[in-house]
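**Q** This one is upload-v4.cif, mmCIF, C-alpha atoms and all ligand atoms.
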data_data
#
loop_
_atom_site.group_PDB
_atom_site.id
_atom_site.type_symbol
_atom_site.label_atom_id
_atom_site.label_comp_id
_atom_site.auth_asym_id
_atom_site.auth_seq_id
_atom_site.Cartn_x
_atom_site.Cartn_y
_atom_site.Cartn_z
ATOM 1 C CA MET A 1 0.000 0.000 0.000
ATOM 2 C CA ASN A 2 1.248 3.435 -1.004
ATOM 3 C CA ILE A 3 0.963 6.088 1.692
ATOM 4 C CA ALA A 4 1.837 9.650 0.660
ATOM 5 C CA VAL A 5 2.796 12.235 3.262
ATOM 6 C CA LEU A 6 2.154 15.871 2.326
ATOM 7 C CA SER A 7 2.366 19.333 3.813
ATOM 8 C CA GLY A 8 1.554 22.820 2.629
ATOM 9 C CA LYS A 9 5.108 24.089 3.094
ATOM 10 C CA GLY A 10 8.562 22.924 4.141
ATOM 11 C CA GLY A 11 9.442 22.492 7.820
ATOM 12 C CA THR A 12 5.981 21.326 8.851
ATOM 13 C CA GLY A 13 7.093 17.822 9.840
ATOM 14 C CA LYS A 14 6.391 15.850 6.659
ATOM 15 C CA THR A 15 9.806 14.150 6.619
ATOM 16 C CA LEU A 16 9.642 13.560 10.383
ATOM 17 C CA VAL A 17 6.343 11.704 9.924
ATOM 18 C CA SER A 18 7.249 9.720 6.781
ATOM 19 C CA VAL A 19 10.710 8.653 8.006
ATOM 20 C CA ASN A 20 9.386 7.571 11.389
ATOM 21 C CA LEU A 21 6.374 5.724 9.999
ATOM 22 C CA ALA A 22 8.644 3.849 7.560
ATOM 23 C CA ALA A 23 11.017 2.965 10.412
ATOM 24 C CA ALA A 24 8.082 1.895 12.629
ATOM 25 C CA ALA A 25 6.779 -0.353 9.834
ATOM 26 C CA LYS A 26 10.171 -2.159 9.781
ATOM 27 C CA GLU A 27 9.896 -3.898 6.356
ATOM 28 C CA SER A 28 9.029 -0.940 4.150
ATOM 29 C CA VAL A 29 10.022 1.334 1.293
ATOM 30 C CA TYR A 30 10.683 5.030 1.858
ATOM 31 C CA ILE A 31 10.735 7.330 -1.189
ATOM 32 C CA ASP A 32 11.908 10.913 -0.851
ATOM 33 C CA CYS A 33 10.188 12.822 -3.673
ATOM 34 C CA ASP A 34 11.225 16.220 -2.303
ATOM 35 C CA VAL A 35 13.836 16.344 -5.066
ATOM 36 C CA GLU A 36 14.761 19.992 -4.515
ATOM 37 C CA GLU A 37 15.682 19.420 -0.884
ATOM 38 C CA PRO A 38 15.787 15.714 -0.065
ATOM 39 C CA ASN A 39 16.764 15.058 3.543
ATOM 40 C CA GLY A 40 15.317 11.610 4.322
ATOM 41 C CA MET A 41 18.762 10.115 3.618
ATOM 42 C CA LEU A 42 20.235 12.227 6.427
ATOM 43 C CA PHE A 43 18.053 10.317 8.877
ATOM 44 C CA PHE A 44 18.270 6.829 7.364
ATOM 45 C CA LYS A 45 21.996 6.963 6.530
ATOM 46 C CA PRO A 46 21.568 3.905 4.275
ATOM 47 C CA ASP A 47 24.203 1.331 3.247
ATOM 48 C CA GLN A 48 24.718 -0.354 -0.129
ATOM 49 C CA ILE A 49 24.116 2.897 -1.975
ATOM 50 C CA ILE A 50 23.452 2.751 -5.709
ATOM 51 C CA LYS A 51 23.302 5.969 -7.758
ATOM 52 C CA GLU A 52 21.712 6.337 -11.173
ATOM 53 C CA PRO A 53 21.608 9.473 -13.334
ATOM 54 C CA VAL A 54 18.286 10.828 -14.595
ATOM 55 C CA THR A 55 18.337 12.289 -18.101
ATOM 56 C CA VAL A 56 15.765 13.933 -20.341
ATOM 57 C CA LYS A 57 15.743 14.382 -24.110
ATOM 58 C CA ILE A 58 16.241 17.906 -25.385
ATOM 59 C CA PRO A 59 16.513 19.203 -28.966
ATOM 60 C CA GLU A 60 19.736 19.871 -30.764
ATOM 61 C CA ILE A 61 19.660 21.911 -33.984
ATOM 62 C CA ASP A 62 21.610 20.846 -37.065
ATOM 63 C CA ARG A 63 22.554 24.250 -38.479
ATOM 64 C CA LYS A 64 23.491 22.805 -41.861
ATOM 65 C CA LYS A 65 19.946 21.539 -42.415
ATOM 66 C CA CYS A 66 18.029 24.446 -40.824
ATOM 67 C CA ILE A 67 16.422 26.878 -43.297
ATOM 68 C CA GLY A 68 15.140 29.304 -40.637
ATOM 69 C CA CYS A 69 11.422 28.657 -41.232
ATOM 70 C CA ARG A 70 10.707 29.021 -37.471
ATOM 71 C CA LYS A 71 8.068 26.299 -37.420
ATOM 72 C CA CYS A 72 9.781 24.746 -34.390
ATOM 73 C CA ILE A 73 9.664 28.090 -32.556
ATOM 74 C CA ASP A 74 5.960 28.588 -33.304
ATOM 75 C CA PHE A 75 5.265 25.085 -32.059
ATOM 76 C CA CYS A 76 7.064 25.373 -28.699
ATOM 77 C CA LYS A 77 4.579 26.559 -26.074
ATOM 78 C CA PHE A 78 7.280 26.804 -23.431
ATOM 79 C CA ASN A 79 9.382 29.499 -25.151
ATOM 80 C CA ALA A 80 12.352 27.148 -25.103
ATOM 81 C CA LEU A 81 13.322 28.064 -28.677
ATOM 82 C CA ALA A 82 14.242 31.424 -30.210
ATOM 83 C CA TYR A 83 15.565 32.595 -33.572
ATOM 84 C CA ILE A 84 18.460 34.961 -33.001
ATOM 85 C CA ARG A 85 21.041 36.075 -35.590
ATOM 86 C CA LYS A 86 19.857 33.483 -38.092
ATOM 87 C CA ASN A 87 20.244 30.637 -35.594
ATOM 88 C CA VAL A 88 17.705 28.603 -33.625
ATOM 89 C CA LEU A 89 18.747 28.721 -29.972
ATOM 90 C CA VAL A 90 17.584 26.178 -27.391
ATOM 91 C CA PHE A 91 16.998 27.337 -23.801
ATOM 92 C CA GLU A 92 17.443 23.955 -22.168
ATOM 93 C CA GLU A 93 16.047 24.930 -18.753
ATOM 94 C CA LEU A 94 12.692 25.851 -20.329
ATOM 95 C CA CYS A 95 12.366 22.711 -22.462
ATOM 96 C CA HIS A 96 9.725 20.190 -21.319
ATOM 97 C CA SER A 97 11.071 17.404 -23.584
ATOM 98 C CA CYS A 98 7.766 17.074 -25.427
ATOM 99 C CA GLY A 99 9.533 16.262 -28.701
ATOM 100 C CA GLY A 100 7.118 18.439 -30.679
ATOM 101 C CA CYS A 101 9.759 20.579 -32.368
ATOM 102 C CA ILE A 102 11.292 17.459 -33.915
ATOM 103 C CA ILE A 103 7.968 16.596 -35.535
ATOM 104 C CA ALA A 104 7.314 20.235 -36.541
ATOM 105 C CA CYS A 105 10.601 20.648 -38.410
ATOM 106 C CA PRO A 106 10.132 20.047 -42.163
ATOM 107 C CA GLN A 107 13.896 19.720 -42.747
ATOM 108 C CA GLY A 108 14.734 17.049 -40.169
ATOM 109 C CA ALA A 109 17.064 19.612 -38.617
ATOM 110 C CA VAL A 110 16.089 18.906 -34.994
ATOM 111 C CA ASN A 111 17.725 15.949 -33.267
ATOM 112 C CA GLU A 112 17.532 14.796 -29.655
ATOM 113 C CA LYS A 113 20.310 14.630 -27.102
ATOM 114 C CA ASN A 114 20.384 13.473 -23.484
ATOM 115 C CA LYS A 115 20.720 16.013 -20.731
ATOM 116 C CA SER A 116 21.365 15.062 -17.081
ATOM 117 C CA ILE A 117 18.905 16.732 -14.681
ATOM 118 C CA GLY A 118 19.739 14.868 -11.478
ATOM 119 C CA GLU A 119 20.054 11.420 -9.985
ATOM 120 C CA ILE A 120 18.245 8.814 -7.974
ATOM 121 C CA CYS A 121 19.939 7.077 -5.130
ATOM 122 C CA SER A 122 18.908 3.917 -3.279
ATOM 123 C CA GLY A 123 20.175 2.075 -0.229
ATOM 124 C CA ILE A 124 19.193 0.008 2.817
ATOM 125 C CA SER A 125 18.694 1.220 6.377
ATOM 126 C CA GLU A 126 17.963 -1.747 8.692
ATOM 127 C CA HIS A 127 14.760 -3.169 7.110
ATOM 128 C CA VAL A 128 13.837 -0.026 5.168
ATOM 129 C CA LYS A 129 14.642 0.292 1.459
ATOM 130 C CA VAL A 130 15.405 3.960 0.946
ATOM 131 C CA PHE A 131 15.008 5.777 -2.397
ATOM 132 C CA THR A 132 15.720 9.423 -2.915
ATOM 133 C CA GLY A 133 15.874 11.794 -5.880
ATOM 134 C CA GLU A 134 17.978 14.886 -6.258
ATOM 135 C CA MET A 135 17.535 17.542 -8.916
ATOM 136 C CA ASN A 136 20.564 19.446 -10.257
ATOM 137 C CA ILE A 137 20.741 23.118 -9.260
ATOM 138 C CA GLY A 138 19.183 25.353 -11.934
ATOM 139 C CA GLU A 139 16.720 22.770 -13.263
ATOM 140 C CA THR A 140 13.086 23.848 -13.306
ATOM 141 C CA SER A 141 11.130 20.572 -13.123
ATOM 142 C CA GLY A 142 11.660 17.593 -10.853
ATOM 143 C CA VAL A 143 8.792 15.624 -12.408
ATOM 144 C CA PRO A 144 11.007 13.301 -14.565
ATOM 145 C CA ILE A 145 13.058 12.421 -11.467
ATOM 146 C CA ILE A 146 9.915 11.657 -9.446
ATOM 147 C CA LYS A 147 8.534 9.489 -12.276
ATOM 148 C CA LYS A 148 11.756 7.461 -12.370
ATOM 149 C CA LEU A 149 11.887 7.241 -8.557
ATOM 150 C CA LEU A 150 8.341 5.889 -8.295
ATOM 151 C CA LEU A 151 8.931 3.460 -11.152
ATOM 152 C CA THR A 152 12.170 2.119 -9.639
ATOM 153 C CA ALA A 153 10.881 1.928 -6.061
ATOM 154 C CA GLY A 154 7.563 0.467 -7.253
ATOM 155 C CA LYS A 155 9.375 -2.720 -8.307
ATOM 156 C CA GLN A 156 10.038 -3.598 -4.643
ATOM 157 C CA ASP A 157 7.948 -6.332 -3.092
ATOM 158 C CA THR A 158 7.035 -4.652 0.206
ATOM 159 C CA LEU A 159 3.749 -4.176 2.035
ATOM 160 C CA TYR A 160 4.214 -0.514 2.964
ATOM 161 C CA THR A 161 5.573 2.280 0.777
ATOM 162 C CA PHE A 162 5.856 5.768 2.252
ATOM 163 C CA ILE A 163 6.137 8.661 -0.189
ATOM 164 C CA ASP A 164 7.670 11.805 1.295
ATOM 165 C CA CYS A 165 6.164 14.389 -1.087
ATOM 166 C CA PRO A 166 7.553 17.792 -2.068
ATOM 167 C CA PRO A 167 6.071 20.641 0.016
ATOM 168 C CA GLY A 168 3.159 22.620 -1.435
ATOM 169 C CA SER A 169 0.701 21.658 -4.144
ATOM 170 C CA ALA A 170 2.696 22.077 -7.383
ATOM 171 C CA CYS A 171 3.010 19.545 -10.223
ATOM 172 C CA THR A 172 5.766 17.599 -8.402
ATOM 173 C CA THR A 173 3.360 16.978 -5.498
ATOM 174 C CA MET A 174 0.615 15.929 -7.935
ATOM 175 C CA GLU A 175 3.021 13.442 -9.555
ATOM 176 C CA SER A 176 3.992 12.077 -6.116
ATOM 177 C CA ILE A 177 0.433 11.321 -4.971
ATOM 178 C CA LYS A 178 -0.968 9.967 -8.249
ATOM 179 C CA ASP A 179 -0.731 6.307 -7.207
ATOM 180 C CA ALA A 180 -1.197 6.794 -3.460
ATOM 181 C CA ASP A 181 -3.801 4.644 -1.691
ATOM 182 C CA TYR A 182 -3.958 7.069 1.205
ATOM 183 C CA CYS A 183 -2.646 10.561 1.981
ATOM 184 C CA ILE A 184 -1.447 11.819 5.335
ATOM 185 C CA LEU A 185 -1.519 15.600 5.617
ATOM 186 C CA VAL A 186 0.858 17.040 8.196
ATOM 187 C CA ALA A 187 -0.163 20.448 9.527
ATOM 188 C CA GLU A 188 1.246 22.948 11.963
ATOM 189 C CA SER A 189 -1.064 24.302 14.619
ATOM 190 C CA THR A 190 -1.121 27.945 13.523
ATOM 191 C CA LEU A 191 -3.259 30.191 11.307
ATOM 192 C CA PHE A 192 -0.480 30.179 8.698
ATOM 193 C CA GLY A 193 -0.416 26.383 9.028
ATOM 194 C CA LEU A 194 -4.158 26.331 8.313
ATOM 195 C CA HIS A 195 -3.688 28.353 5.126
ATOM 196 C CA ASN A 196 -1.035 25.898 3.861
ATOM 197 C CA PHE A 197 -3.076 22.930 4.978
ATOM 198 C CA GLU A 198 -6.128 24.085 3.005
ATOM 199 C CA MET A 199 -4.065 24.177 -0.217
ATOM 200 C CA VAL A 200 -2.913 20.550 0.041
ATOM 201 C CA TYR A 201 -6.310 19.429 1.268
ATOM 202 C CA LYS A 202 -7.871 20.866 -1.922
ATOM 203 C CA LEU A 203 -5.285 18.998 -4.001
ATOM 204 C CA VAL A 204 -6.000 15.684 -2.275
ATOM 205 C CA LYS A 205 -9.749 16.197 -2.722
ATOM 206 C CA PHE A 206 -9.188 17.035 -6.405
ATOM 207 C CA PHE A 207 -7.505 13.640 -6.859
ATOM 208 C CA SER A 208 -10.281 11.975 -4.797
ATOM 209 C CA LYS A 209 -7.754 10.493 -2.380
ATOM 210 C CA ARG A 210 -8.709 9.313 1.063
ATOM 211 C CA CYS A 211 -6.820 11.249 3.694
ATOM 212 C CA GLY A 212 -6.273 11.997 7.346
ATOM 213 C CA VAL A 213 -4.355 14.631 9.270
ATOM 214 C CA ILE A 214 -1.491 14.541 11.725
ATOM 215 C CA LEU A 215 -1.313 17.731 13.760
ATOM 216 C CA ASN A 216 2.295 18.633 14.514
ATOM 217 C CA LYS A 217 3.873 21.049 17.016
ATOM 218 C CA CYS A 218 0.695 21.045 19.093
ATOM 219 C CA ASP A 219 0.382 22.985 22.333
ATOM 220 C CA GLU A 220 -2.320 21.957 24.822
ATOM 221 C CA ASN A 221 -2.785 25.567 25.929
ATOM 222 C CA ILE A 222 -3.458 27.043 22.496
ATOM 223 C CA ILE A 223 -6.557 26.596 20.339
ATOM 224 C CA ASN A 224 -5.482 24.808 17.163
ATOM 225 C CA PRO A 225 -7.078 26.429 14.070
ATOM 226 C CA VAL A 226 -6.322 23.361 11.901
ATOM 227 C CA GLU A 227 -8.025 21.074 14.407
ATOM 228 C CA SER A 228 -11.095 23.350 14.478
ATOM 229 C CA PHE A 229 -11.183 23.359 10.651
ATOM 230 C CA CYS A 230 -10.870 19.555 10.490
ATOM 231 C CA LYS A 231 -13.713 19.097 12.963
ATOM 232 C CA LYS A 232 -15.903 21.526 11.020
ATOM 233 C CA GLU A 233 -15.153 19.837 7.667
ATOM 234 C CA ASN A 234 -15.303 16.312 9.090
ATOM 235 C CA ILE A 235 -11.672 15.553 8.195
ATOM 236 C CA GLU A 236 -10.163 12.657 10.102
ATOM 237 C CA ILE A 237 -7.476 13.559 12.667
ATOM 238 C CA LEU A 238 -5.096 10.589 12.856
ATOM 239 C CA GLY A 239 -2.996 11.853 15.729
ATOM 240 C CA LYS A 240 -1.161 14.704 17.365
ATOM 241 C CA ILE A 241 2.526 15.339 17.966
ATOM 242 C CA PHE A 242 3.090 17.852 20.757
ATOM 243 C CA TYR A 243 5.892 20.370 20.797
ATOM 244 C CA ASP A 244 8.686 18.728 22.782
ATOM 245 C CA ARG A 245 12.292 19.768 23.330
ATOM 246 C CA GLU A 246 13.469 16.109 23.378
ATOM 247 C CA LEU A 247 11.894 15.534 19.945
ATOM 248 C CA ALA A 248 13.430 18.713 18.528
ATOM 249 C CA THR A 249 16.890 17.766 19.831
ATOM 250 C CA MET A 250 16.741 14.224 18.385
ATOM 251 C CA ASN A 251 15.363 15.484 15.078
ATOM 252 C CA THR A 252 18.051 18.162 14.749
ATOM 253 C CA ALA A 253 20.695 15.507 15.460
ATOM 254 C CA GLY A 254 19.372 13.459 12.507
ATOM 255 C CA LEU A 255 18.098 10.626 14.717
ATOM 256 C CA ILE A 256 15.085 8.488 13.833
ATOM 257 C CA LEU A 257 12.723 8.823 16.806
ATOM 258 C CA SER A 258 11.040 5.448 16.175
ATOM 259 C CA ARG A 259 14.409 3.744 16.603
ATOM 260 C CA THR A 260 15.840 5.913 19.361
ATOM 261 C CA SER A 261 13.047 6.672 21.807
ATOM 262 C CA GLU A 262 10.626 4.215 23.387
ATOM 263 C CA LYS A 263 8.009 6.960 23.788
ATOM 264 C CA TYR A 264 8.141 7.984 20.123
ATOM 265 C CA GLY A 265 8.567 4.377 18.969
ATOM 266 C CA SER A 266 5.136 3.610 20.477
ATOM 267 C CA LEU A 267 3.620 6.844 19.157
ATOM 268 C CA PHE A 268 4.615 6.110 15.547
ATOM 269 C CA GLU A 269 3.635 2.421 15.813
ATOM 270 C CA GLN A 270 0.230 3.586 17.041
ATOM 271 C CA LEU A 271 -0.021 6.114 14.194
ATOM 272 C CA LEU A 272 0.928 3.407 11.698
ATOM 273 C CA GLN A 273 -1.800 1.103 12.991
ATOM 274 C CA THR A 274 -4.315 3.958 12.810
ATOM 275 C CA VAL A 275 -3.371 4.702 9.177
ATOM 276 C CA VAL A 276 -3.393 1.036 8.138
ATOM 277 C CA GLY A 277 -6.843 0.702 9.719
ATOM 278 C CA LYS A 278 -8.119 3.431 7.362
ATOM 279 C CA ILE A 279 -6.879 1.865 4.126
HETATM 280 S S1 LIG B 1 10.982 19.494 -27.026
HETATM 281 FE FE1 LIG B 1 9.009 20.561 -26.741
HETATM 282 S S2 LIG B 1 9.428 21.948 -25.046
HETATM 283 FE FE2 LIG B 1 11.417 21.293 -25.777
HETATM 284 S S3 LIG B 1 12.006 22.861 -27.229
HETATM 285 FE FE3 LIG B 1 10.973 21.270 -28.407
HETATM 286 S S4 LIG B 1 8.822 21.911 -28.511
HETATM 287 FE FE4 LIG B 1 9.803 23.115 -26.900
HETATM 288 S S1 LIG B 2 11.643 24.056 -37.962
HETATM 289 FE FE1 LIG B 2 13.592 23.149 -38.556
HETATM 290 S S2 LIG B 2 14.179 24.264 -40.362
HETATM 291 FE FE2 LIG B 2 12.587 25.482 -39.407
HETATM 292 S S3 LIG B 2 13.707 26.898 -38.067
HETATM 293 FE FE3 LIG B 2 13.228 25.119 -36.825
HETATM 294 S S4 LIG B 2 15.041 23.823 -37.020
HETATM 295 FE FE4 LIG B 2 15.149 25.317 -38.680
#
Can you give me the file's structure in the form of structure tokens?

**A**
Amino acid sequence: MNIAVLSGKGGTGKTLVSVNLAAAAKESVYIDCDVEEPNGMLFFKPDQIIKEPVTVKIPEIDRKKCIGCRKCIDFCKFNALAYIRKNVLVFEELCHSCGGCIIACPQGAVNEKNKSIGEICSGISEHVKVFTGEMNIGETSGVPIIKKLLLTAGKQDTLYTFIDCPPGSACTTMESIKDADYCILVAESTLFGLHNFEMVYKLVKFFSKRCGVILNKCDENIINPVESFCKKENIEILGKIFYDRELATMNTAGLILSRTSEKYGSLFEQLLQTVVGKI
């Protein structure tokens, strides 16, 4: 079963929840789809690391064949091509690798070449198979890396797969939750947290995914706007993680709470059972 963990912004506790649930599940797969800032590896510190480059196809213009008709430029909806000083220029960062300009060219002057946009990395941490993607600096879309990550990790024969999604509700998050059986939304207990939470909640509803919420950084003495919203909208609250100095210290030190602390080991096992009971 594929369980995606989402949040409206970075720093909300999405990686904390997905890493610790994967560790609590013992035999599991953890996939870090936050390809712009992957940090699941920092917690799992896996062994037997295998790295694989991720490439995309981009156009390459054969100047000898090009007659300057500009049909390729008219076709490209992403402004990745321009005709300057009698040459077709390719702005690689804007190219979406659709291949359309190759078809549009009447002269056969557009070829394809491979361009590296990042890598995927896999390894083992105790019983958890860890997969992570990393996008090269300057690239604009992590979607091809996420596609390859999910395809590679999807070949594993494991009961639980936890997908640590990118923050927010952009196309990389949509790609990450496409095949999820259940979504866990992690939300901070503030008004700003509510605003971010509403964005990802809309996304999950749009994809008709079943979901529940884990409220993070809770404080017993403060009214939680996300909790009030969830109660009003009848959204399932799976559990609460209270603000705790011990947790913050362990998390900052890159420790996995489920493996280090008895208290948090039981909390995440309980959360796992709650989630599994919903699927
Ligand atoms: S492959 Fe598609 S996106 Fe890239 S330059 Fe050609 S038409 Fe534009
Ligand atoms: S469509 Fe082909 S021939 Fe026309 S400008 Fe583009 S590359 Fe040159």

**Q** Please give me, as a list in words, the residues lying within 8 Å of ligand LIG 1 (chain B) when counting all atoms listed in the file.

**A**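 Going residue by residue within 8 Å of ligand LIG 1 (chain B), we get Lys57, Ile58, Pro59, Cys72, Ile73, Phe75, Cys76, Lys77, Phe78, Asn79, Ala80, Leu81, Val90, Phe91, Glu92, Leu94, Cys95, His96, Ser97, Cys98, Gly99, Gly100, Cys101 and Ile102 of chain A.
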
**Q** If you take only C-alpha atoms and all ligand atoms and a cut-off of 7 Å, which residues of chain A touch ligand LIG 2 (chain B), and what are their nearest atom pairs and distances in Å to one decimal, in chain and number order, as JSON lines?

**A**
{"residue": "A:Ile61", "atom": "CA", "partner": "B:LIG2", "partner_atom": "S4", "distance": 5.8}
{"residue": "A:Lys65", "atom": "CA", "partner": "B:LIG2", "partner_atom": "S2", "distance": 6.7}
{"residue": "A:Cys66", "atom": "CA", "partner": "B:LIG2", "partner_atom": "FE4", "distance": 3.7}
{"residue": "A:Ile67", "atom": "CA", "partner": "B:LIG2", "partner_atom": "S2", "distance": 4.5}
{"residue": "A:Gly68", "atom": "CA", "partner": "B:LIG2", "partner_atom": "S3", "distance": 3.8}
{"residue": "A:Cys69", "atom": "CA", "partner": "B:LIG2", "partner_atom": "FE2", "distance": 3.8}
{"residue": "A:Arg70", "atom": "CA", "partner": "B:LIG2", "partner_atom": "S3", "distance": 3.7}
{"residue": "A:Lys71", "atom": "CA", "partner": "B:LIG2", "partner_atom": "S1", "distance": 4.3}
{"residue": "A:Cys72", "atom": "CA", "partner": "B:LIG2", "partner_atom": "S1", "distance": 4.1}
{"residue": "A:Ile73", "atom": "CA", "partner": "B:LIG2", "partner_atom": "FE3", "distance": 6.3}
{"residue": "A:Val88", "atom": "CA", "partner": "B:LIG2", "partner_atom": "S3", "distance": 6.2}
{"residue": "A:Cys101", "atom": "CA", "partner": "B:LIG2", "partner_atom": "S1", "distance": 6.9}
{"residue": "A:Ala104", "atom": "CA", "partner": "B:LIG2", "partner_atom": "S1", "distance": 5.9}
{"residue": "A:Cys105", "atom": "CA", "partner": "B:LIG2", "partner_atom": "S1", "distance": 3.6}
{"residue": "A:Pro106", "atom": "CA", "partner": "B:LIG2", "partner_atom": "FE1", "distance": 5.9}
{"residue": "A:Gln107", "atom": "CA", "partner": "B:LIG2", "partner_atom": "S2", "distance": 5.1}
{"residue": "A:Gly108", "atom": "CA", "partner": "B:LIG2", "partner_atom": "FE1", "distance": 6.4}
{"residue": "A:Ala109", "atom": "CA", "partner": "B:LIG2", "partner_atom": "S4", "distance": 4.9}
{"residue": "A:Val110", "atom": "CA", "partner": "B:LIG2", "partner_atom": "S4", "distance": 5.4}

**Q** Step by step, work through what the PyMOL selection byres (((chain A and resi 132) around 6) and not hetatm) selects in the shown file, and finish by giving those residues as a list in words.

**A** Ile31, Asp32, Ile120, Cys121, Phe131 and Gly133 of chain A

**Q** Skipping near chain neighbours, those fewer than 3 positions away, what residues fall within 9 Å of stretch 232-248 of chain A using only C-alpha atoms, listed as a list in words?

**A**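 Within the cut-off, the hits are Ile184, Cys211, Gly212, Val213, Ile214, Leu215, Asn216, Lys217, Cys218, Asp219, Glu220, Glu227, Ser228, Phe229, Asn251, Thr252, Ala253, Leu257, Tyr264, Leu267, Gln270, Leu271, Thr274 and Val275 of chain A.
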
**Q** Generate a file of the selected residues that holds C-alpha atoms, formatted as a PDB file, in the frame of the given file.

**A**
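Written out: result_32.pdb:
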ATOM      1  CA  ILE A 184      -1.447  11.819   5.335  1.00  0.00           C
ATOM      2  CA  CYS A 211      -6.820  11.249   3.694  1.00  0.00           C
ATOM      3  CA  GLY A 212      -6.273  11.997   7.346  1.00  0.00           C
ATOM      4  CA  VAL A 213      -4.355  14.631   9.270  1.00  0.00           C
ATOM      5  CA  ILE A 214      -1.491  14.541  11.725  1.00  0.00           C
ATOM      6  CA  LEU A 215      -1.313  17.731  13.760  1.00  0.00           C
ATOM      7  CA  ASN A 216       2.295  18.633  14.514  1.00  0.00           C
ATOM      8  CA  LYS A 217       3.873  21.049  17.016  1.00  0.00           C
ATOM      9  CA  CYS A 218       0.695  21.045  19.093  1.00  0.00           C
ATOM     10  CA  ASP A 219       0.382  22.985  22.333  1.00  0.00           C
ATOM     11  CA  GLU A 220      -2.320  21.957  24.822  1.00  0.00           C
ATOM     12  CA  GLU A 227      -8.025  21.074  14.407  1.00  0.00           C
ATOM     13  CA  SER A 228     -11.095  23.350  14.478  1.00  0.00           C
ATOM     14  CA  PHE A 229     -11.183  23.359  10.651  1.00  0.00           C
ATOM     15  CA  ASN A 251      15.363  15.484  15.078  1.00  0.00           C
ATOM     16  CA  THR A 252      18.051  18.162  14.749  1.00  0.00           C
ATOM     17  CA  ALA A 253      20.695  15.507  15.460  1.00  0.00           C
ATOM     18  CA  LEU A 257      12.723   8.823  16.806  1.00  0.00           C
ATOM     19  CA  TYR A 264       8.141   7.984  20.123  1.00  0.00           C
ATOM     20  CA  LEU A 267       3.620   6.844  19.157  1.00  0.00           C
ATOM     21  CA  GLN A 270       0.230   3.586  17.041  1.00  0.00           C
ATOM     22  CA  LEU A 271      -0.021   6.114  14.194  1.00  0.00           C
ATOM     23  CA  THR A 274      -4.315   3.958  12.810  1.00  0.00           C
ATOM     24  CA  VAL A 275      -3.371   4.702   9.177  1.00  0.00           C
TER      25      VAL A 275
END

**Q** Can you measure atom CA of A:Glu27 to atom CA of A:Pro144 for me? One decimal in Å is fine.

**A**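 We find that atom CA of A:Glu27 and atom CA of A:Pro144 lie 27.1 Å from each other.
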
**Q** Write out as a CSV table (one decimal) with C-alpha atoms, in the frame of the given file the residues lying within 6 Å of stretch 164-170 of chain A, counting all atoms listed in the file and excluding same-chain residues fewer than 2 positions away.

**A**
chain,number,residue,atom,x,y,z
A,5,VAL,CA,2.8,12.2,3.3
A,6,LEU,CA,2.2,15.9,2.3
A,7,SER,CA,2.4,19.3,3.8
A,8,GLY,CA,1.6,22.8,2.6
A,9,LYS,CA,5.1,24.1,3.1
A,10,GLY,CA,8.6,22.9,4.1
A,18,SER,CA,7.2,9.7,6.8
A,31,ILE,CA,10.7,7.3,-1.2
A,32,ASP,CA,11.9,10.9,-0.9
A,33,CYS,CA,10.2,12.8,-3.7
A,34,ASP,CA,11.2,16.2,-2.3
A,172,THR,CA,5.8,17.6,-8.4
A,173,THR,CA,3.4,17.0,-5.5
A,176,SER,CA,4.0,12.1,-6.1
A,200,VAL,CA,-2.9,20.6,0.0

**Q** Using the chain letters and numbering of this document, enumerate as an NGL selection string the residues selected by the PyMOL selection byres (((chain A and resi 36) around 7) and not hetatm).

**A** :A and (34-35 or 37-38 or 134-135)

**Q** Smallest atom-to-atom distance to A:Ile3: which of A:Ile163, A:Arg259, A:Lys231, A:Lys115, using only C-alpha atoms?

**A**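 Among the listed residues, A:Ile163 lies closest to A:Ile3.
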
**Q** Report, in Å with one decimal, the straight-line distance from atom CA of A:Gln48 to atom CA of A:Gly265.

**A**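 Between atom CA of A:Gln48 and atom CA of A:Gly265 the gap is 25.5 Å.
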
**Q** Given only C-alpha atoms as the basis, pick out the residue of A:Gly193, A:Val128, A:Glu139, A:Asp62 nearest to A:Val19.

**A**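 For A:Val19, the nearest of the given residues is A:Val128.
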
**Q** Please compute the atom CA of A:Met1-atom CA of A:Lys209 distance, one decimal, in Å.

**A**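 It comes out at 13.3 Å.
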
**Q** Would you translate the PyMOL selection byres (((chain A and resi 44) around 9) and not hetatm) into the concrete set of residues it matches in this file, as a PyMOL selection string?

**A** chain A and resi 19+23+40-43+45-46+124-126+128+130+254-256

**Q** As lines of an AutoDock Vina configuration file, what would the box around stretch 140-156 of chain A look like: edges along x, y and z, 5 Å added on every side, centre and edge lengths in Å to one decimal?

**A**
center_x = 10.3
center_y = 10.1
center_z = -9.6
size_x = 15.5
size_y = 37.4
size_z = 19.9
